[in-house]
file target-v1.pdb (PDB, N, CA and C atoms)
ATOM      1  N   MET J  16      89.628 133.550 150.835
ATOM      2  CA  MET J  16      89.858 133.044 152.171
ATOM      3  C   MET J  16      90.955 133.856 152.838
ATOM      4  N   VAL J  17      90.742 134.205 154.082
ATOM      5  CA  VAL J  17      91.703 135.008 154.823
ATOM      6  C   VAL J  17      92.759 134.092 155.427
ATOM      7  N   LYS J  18      94.021 134.452 155.198
ATOM      8  CA  LYS J  18      95.120 133.663 155.747
ATOM      9  C   LYS J  18      95.434 134.128 157.167
ATOM     10  N   LYS J  19      95.507 133.175 158.101
ATOM     11  CA  LYS J  19      95.829 133.522 159.481
ATOM     12  C   LYS J  19      97.316 133.820 159.609
ATOM     13  N   GLU J  20      97.625 134.843 160.374
ATOM     14  CA  GLU J  20      99.023 135.119 160.696
ATOM     15  C   GLU J  20      99.460 134.176 161.805
ATOM     16  N   THR J  21     100.700 133.761 161.766
ATOM     17  CA  THR J  21     101.227 132.934 162.842
ATOM     18  C   THR J  21     102.429 133.633 163.453
ATOM     19  N   LYS J  22     102.691 133.281 164.687
ATOM     20  CA  LYS J  22     103.812 133.844 165.422
ATOM     21  C   LYS J  22     104.624 132.686 165.978
ATOM     22  N   SER J  23     105.907 132.739 165.815
ATOM     23  CA  SER J  23     106.787 131.693 166.345
ATOM     24  C   SER J  23     107.299 132.086 167.721
ATOM     25  N   PHE J  24     107.499 131.077 168.568
ATOM     26  CA  PHE J  24     108.105 131.314 169.871
ATOM     27  C   PHE J  24     108.756 130.024 170.353
ATOM     28  N   ILE J  25     109.665 130.163 171.283
ATOM     29  CA  ILE J  25     110.379 129.013 171.836
ATOM     30  C   ILE J  25     109.659 128.579 173.095
ATOM     31  N   LEU J  26     109.493 127.285 173.244
ATOM     32  CA  LEU J  26     108.832 126.727 174.421
ATOM     33  C   LEU J  26     109.741 125.661 175.023
ATOM     34  N   ARG J  27     110.053 125.812 176.279
ATOM     35  CA  ARG J  27     110.860 124.808 176.975
ATOM     36  C   ARG J  27     109.922 123.896 177.755
ATOM     37  N   VAL J  28     110.062 122.593 177.521
ATOM     38  CA  VAL J  28     109.197 121.606 178.159
ATOM     39  C   VAL J  28     110.090 120.486 178.673
ATOM     40  N   ASP J  29     109.769 119.983 179.869
ATOM     41  CA  ASP J  29     110.585 118.889 180.391
ATOM     42  C   ASP J  29     110.390 117.631 179.527
ATOM     43  N   THR J  30     111.339 116.736 179.601
ATOM     44  CA  THR J  30     111.390 115.557 178.738
ATOM     45  C   THR J  30     110.149 114.680 178.868
ATOM     46  N   ASP J  31     109.698 114.429 180.080
ATOM     47  CA  ASP J  31     108.526 113.575 180.275
ATOM     48  C   ASP J  31     107.276 114.188 179.641
ATOM     49  N   THR J  32     107.107 115.493 179.806
ATOM     50  CA  THR J  32     105.957 116.175 179.211
ATOM     51  C   THR J  32     106.039 116.120 177.691
ATOM     52  N   MET J  33     107.221 116.367 177.145
ATOM     53  CA  MET J  33     107.382 116.339 175.696
ATOM     54  C   MET J  33     107.122 114.943 175.146
ATOM     55  N   ASP J  34     107.597 113.922 175.836
ATOM     56  CA  ASP J  34     107.337 112.541 175.406
ATOM     57  C   ASP J  34     105.838 112.264 175.371
ATOM     58  N   ALA J  35     105.118 112.755 176.383
ATOM     59  CA  ALA J  35     103.675 112.550 176.436
ATOM     60  C   ALA J  35     102.967 113.292 175.297
ATOM     61  N   ILE J  36     103.402 114.504 175.008
ATOM     62  CA  ILE J  36     102.817 115.295 173.908
ATOM     63  C   ILE J  36     103.077 114.607 172.575
ATOM     64  N   GLU J  37     104.295 114.141 172.375
ATOM     65  CA  GLU J  37     104.631 113.466 171.117
ATOM     66  C   GLU J  37     103.819 112.186 170.931
ATOM     67  N   ALA J  38     103.635 111.424 172.011
ATOM     68  CA  ALA J  38     102.845 110.192 171.924
ATOM     69  C   ALA J  38     101.381 110.520 171.623
ATOM     70  N   TRP J  39     100.852 111.546 172.279
ATOM     71  CA  TRP J  39      99.477 111.964 172.051
ATOM     72  C   TRP J  39      99.299 112.419 170.608
ATOM     73  N   ALA J  40     100.262 113.197 170.109
ATOM     74  CA  ALA J  40     100.208 113.666 168.725
ATOM     75  C   ALA J  40     100.184 112.477 167.762
ATOM     76  N   ALA J  41     101.023 111.499 167.998
ATOM     77  CA  ALA J  41     101.056 110.312 167.137
ATOM     78  C   ALA J  41      99.718 109.580 167.182
ATOM     79  N   ASP J  42      99.115 109.469 168.352
ATOM     80  CA  ASP J  42      97.818 108.811 168.497
ATOM     81  C   ASP J  42      96.727 109.533 167.707
ATOM     82  N   GLU J  43      96.840 110.853 167.607
ATOM     83  CA  GLU J  43      95.839 111.681 166.927
ATOM     84  C   GLU J  43      96.215 111.969 165.473
ATOM     85  N   PHE J  44      97.327 111.380 164.997
ATOM     86  CA  PHE J  44      97.822 111.594 163.624
ATOM     87  C   PHE J  44      98.083 113.070 163.344
ATOM     88  N   ARG J  45      98.690 113.743 164.329
ATOM     89  CA  ARG J  45      99.076 115.145 164.193
ATOM     90  C   ARG J  45     100.578 115.269 164.388
ATOM     91  N   SER J  46     101.122 116.391 163.919
ATOM     92  CA  SER J  46     102.510 116.718 164.247
ATOM     93  C   SER J  46     102.533 117.173 165.702
ATOM     94  N   THR J  47     103.717 117.205 166.281
ATOM     95  CA  THR J  47     103.848 117.706 167.653
ATOM     96  C   THR J  47     103.402 119.164 167.713
ATOM     97  N   ASN J  48     103.798 119.956 166.732
ATOM     98  CA  ASN J  48     103.393 121.354 166.688
ATOM     99  C   ASN J  48     101.873 121.473 166.574
ATOM    100  N   GLY J  49     101.273 120.683 165.712
ATOM    101  CA  GLY J  49      99.824 120.693 165.553
ATOM    102  C   GLY J  49      99.117 120.303 166.832
ATOM    103  N   GLN J  50      99.673 119.336 167.545
ATOM    104  CA  GLN J  50      99.080 118.904 168.814
ATOM    105  C   GLN J  50      99.146 120.022 169.847
ATOM    106  N   LEU J  51     100.289 120.688 169.933
ATOM    107  CA  LEU J  51     100.425 121.805 170.874
ATOM    108  C   LEU J  51      99.453 122.931 170.530
ATOM    109  N   GLN J  52      99.292 123.230 169.248
ATOM    110  CA  GLN J  52      98.326 124.252 168.844
ATOM    111  C   GLN J  52      96.913 123.848 169.251
ATOM    112  N   TRP J  53      96.569 122.575 169.059
ATOM    113  CA  TRP J  53      95.246 122.086 169.417
ATOM    114  C   TRP J  53      95.025 122.179 170.933
ATOM    115  N   ILE J  54      96.025 121.754 171.710
ATOM    116  CA  ILE J  54      95.929 121.802 173.175
ATOM    117  C   ILE J  54      95.704 123.249 173.643
ATOM    118  N   ILE J  55      96.469 124.165 173.099
ATOM    119  CA  ILE J  55      96.354 125.574 173.500
ATOM    120  C   ILE J  55      94.995 126.130 173.100
ATOM    121  N   THR J  56      94.548 125.841 171.883
ATOM    122  CA  THR J  56      93.254 126.332 171.416
ATOM    123  C   THR J  56      92.119 125.789 172.275
ATOM    124  N   GLU J  57      92.170 124.502 172.597
ATOM    125  CA  GLU J  57      91.132 123.903 173.448
ATOM    126  C   GLU J  57      91.122 124.529 174.843
ATOM    127  N   ALA J  58      92.297 124.762 175.391
ATOM    128  CA  ALA J  58      92.378 125.391 176.716
ATOM    129  C   ALA J  58      91.786 126.800 176.674
ATOM    130  N   LEU J  59      92.097 127.558 175.637
ATOM    131  CA  LEU J  59      91.541 128.908 175.492
ATOM    132  C   LEU J  59      90.027 128.868 175.290
ATOM    133  N   ARG J  60      89.553 127.915 174.492
ATOM    134  CA  ARG J  60      88.113 127.778 174.263
ATOM    135  C   ARG J  60      87.397 127.433 175.571
ATOM    136  N   ASN J  61      87.937 126.481 176.307
ATOM    137  CA  ASN J  61      87.321 126.073 177.579
ATOM    138  C   ASN J  61      87.306 127.198 178.605
ATOM    139  N   ALA J  62      88.316 128.052 178.564
ATOM    140  CA  ALA J  62      88.391 129.189 179.491
ATOM    141  C   ALA J  62      87.633 130.409 178.967
ATOM    142  N   LYS J  63      87.007 130.247 177.774
ATOM    143  CA  LYS J  63      86.285 131.345 177.119
ATOM    144  C   LYS J  63      87.183 132.566 176.931
ATOM    145  N   ARG J  64      88.392 132.323 176.472
ATOM    146  CA  ARG J  64      89.364 133.393 176.265
ATOM    147  C   ARG J  64      89.730 133.599 174.796
ATOM    148  N   LEU J  65      89.111 132.848 173.898
ATOM    149  CA  LEU J  65      89.360 133.064 172.477
ATOM    150  C   LEU J  65      88.621 134.319 172.023
ATOM    151  N   PRO J  66      89.236 135.110 171.135
ATOM    152  CA  PRO J  66      88.520 136.284 170.618
ATOM    153  C   PRO J  66      87.298 135.827 169.812
ATOM    154  N   LYS J  67      86.263 136.623 169.832
ATOM    155  CA  LYS J  67      85.058 136.296 169.077
ATOM    156  C   LYS J  67      85.350 136.414 167.592
ATOM    157  N   LYS J  68      84.774 135.490 166.812
ATOM    158  CA  LYS J  68      84.961 135.516 165.360
ATOM    159  C   LYS J  68      84.108 136.622 164.760
ATOM    160  N   LYS J  69      84.658 137.294 163.736
ATOM    161  CA  LYS J  69      83.924 138.332 163.025
ATOM    162  C   LYS J  69      82.928 137.678 162.071
ATOM    163  N   LYS J  70      81.780 138.306 161.919
ATOM    164  CA  LYS J  70      80.812 137.841 160.938
ATOM    165  C   LYS J  70      81.314 138.234 159.567
ATOM    166  N   ARG J  71      80.888 137.511 158.530
ATOM    167  CA  ARG J  71      81.378 137.769 157.176
ATOM    168  C   ARG J  71      81.172 139.209 156.730
ATOM    169  N   ASN J  72      80.014 139.768 156.990
ATOM    170  CA  ASN J  72      79.751 141.138 156.509
ATOM    171  C   ASN J  72      80.549 142.176 157.305
ATOM    172  N   GLU J  73      81.075 141.819 158.478
ATOM    173  CA  GLU J  73      81.914 142.746 159.244
ATOM    174  C   GLU J  73      83.343 142.770 158.738
ATOM    175  N   GLU J  74      83.759 141.711 158.016
ATOM    176  CA  GLU J  74      85.139 141.617 157.526
ATOM    177  C   GLU J  74      85.367 142.548 156.344
ATOM    178  N   GLN J  75      84.341 142.883 155.619
ATOM    179  CA  GLN J  75      84.492 143.670 154.393
ATOM    180  C   GLN J  75      84.548 145.140 154.667
TER     181      GLN J  75
END

call {"tool": "encode", "arguments": {"input": "target-v1.pdb", "output": "structure tokens"}}
result
Amino acid sequence: MVKKETKSFILRVDTDTMDAIEAWAADEFRSTNGQLQWIITEALRNAKRLPKKKKRNEEQ
């Protein structure tokens, strides 16, 4: 299995937005970080901006 690389960055969010994200994360049984990753991934998917996945035989 291929391990995904991750990149860290600082994100400044106003208090009301952060409270809403934290509550949403709790509702979905995710960490706040996991919720933010999910939100970003969904936004990229909806905008058709995610890179295309490689087929298995192309990875080798």

call {"tool": "atom_distance", "arguments": {"input": "target-v1.pdb", "atom1": "atom CA of Glu43 of chain J", "atom2": "atom CA of Lys18 of chain J"}}
result
24.7 Å

call {"tool": "select_by_dssp", "arguments": {"input": "target-v1.pdb", "residues": "chain J", "states": "alpha helix (DSSP H)", "output": "PyMOL selection string"}}
result
chain J and resi 30-42+47-61+71-74

call {"tool": "residues_around", "arguments": {"input": "target-v1.pdb", "residues": "Gln50 of chain J", "least_positions_apart": "3", "cutoff": "8 Å", "atoms": "only C-alpha atoms", "output": "VMD selection string"}}
result
chain J and resid 36 39 to 40 45 to 47 53 to 54

call {"tool": "atom_distance", "arguments": {"input": "target-v1.pdb", "atom1": "atom CA of Ser23 of chain J", "atom2": "atom CA of Thr56 of chain J"}}
result
15.4 Å

call {"tool": "atom_distance", "arguments": {"input": "target-v1.pdb", "atom1": "atom CA of Ala35 of chain J", "atom2": "atom CA of Ala58 of chain J"}}
result
17.1 Å
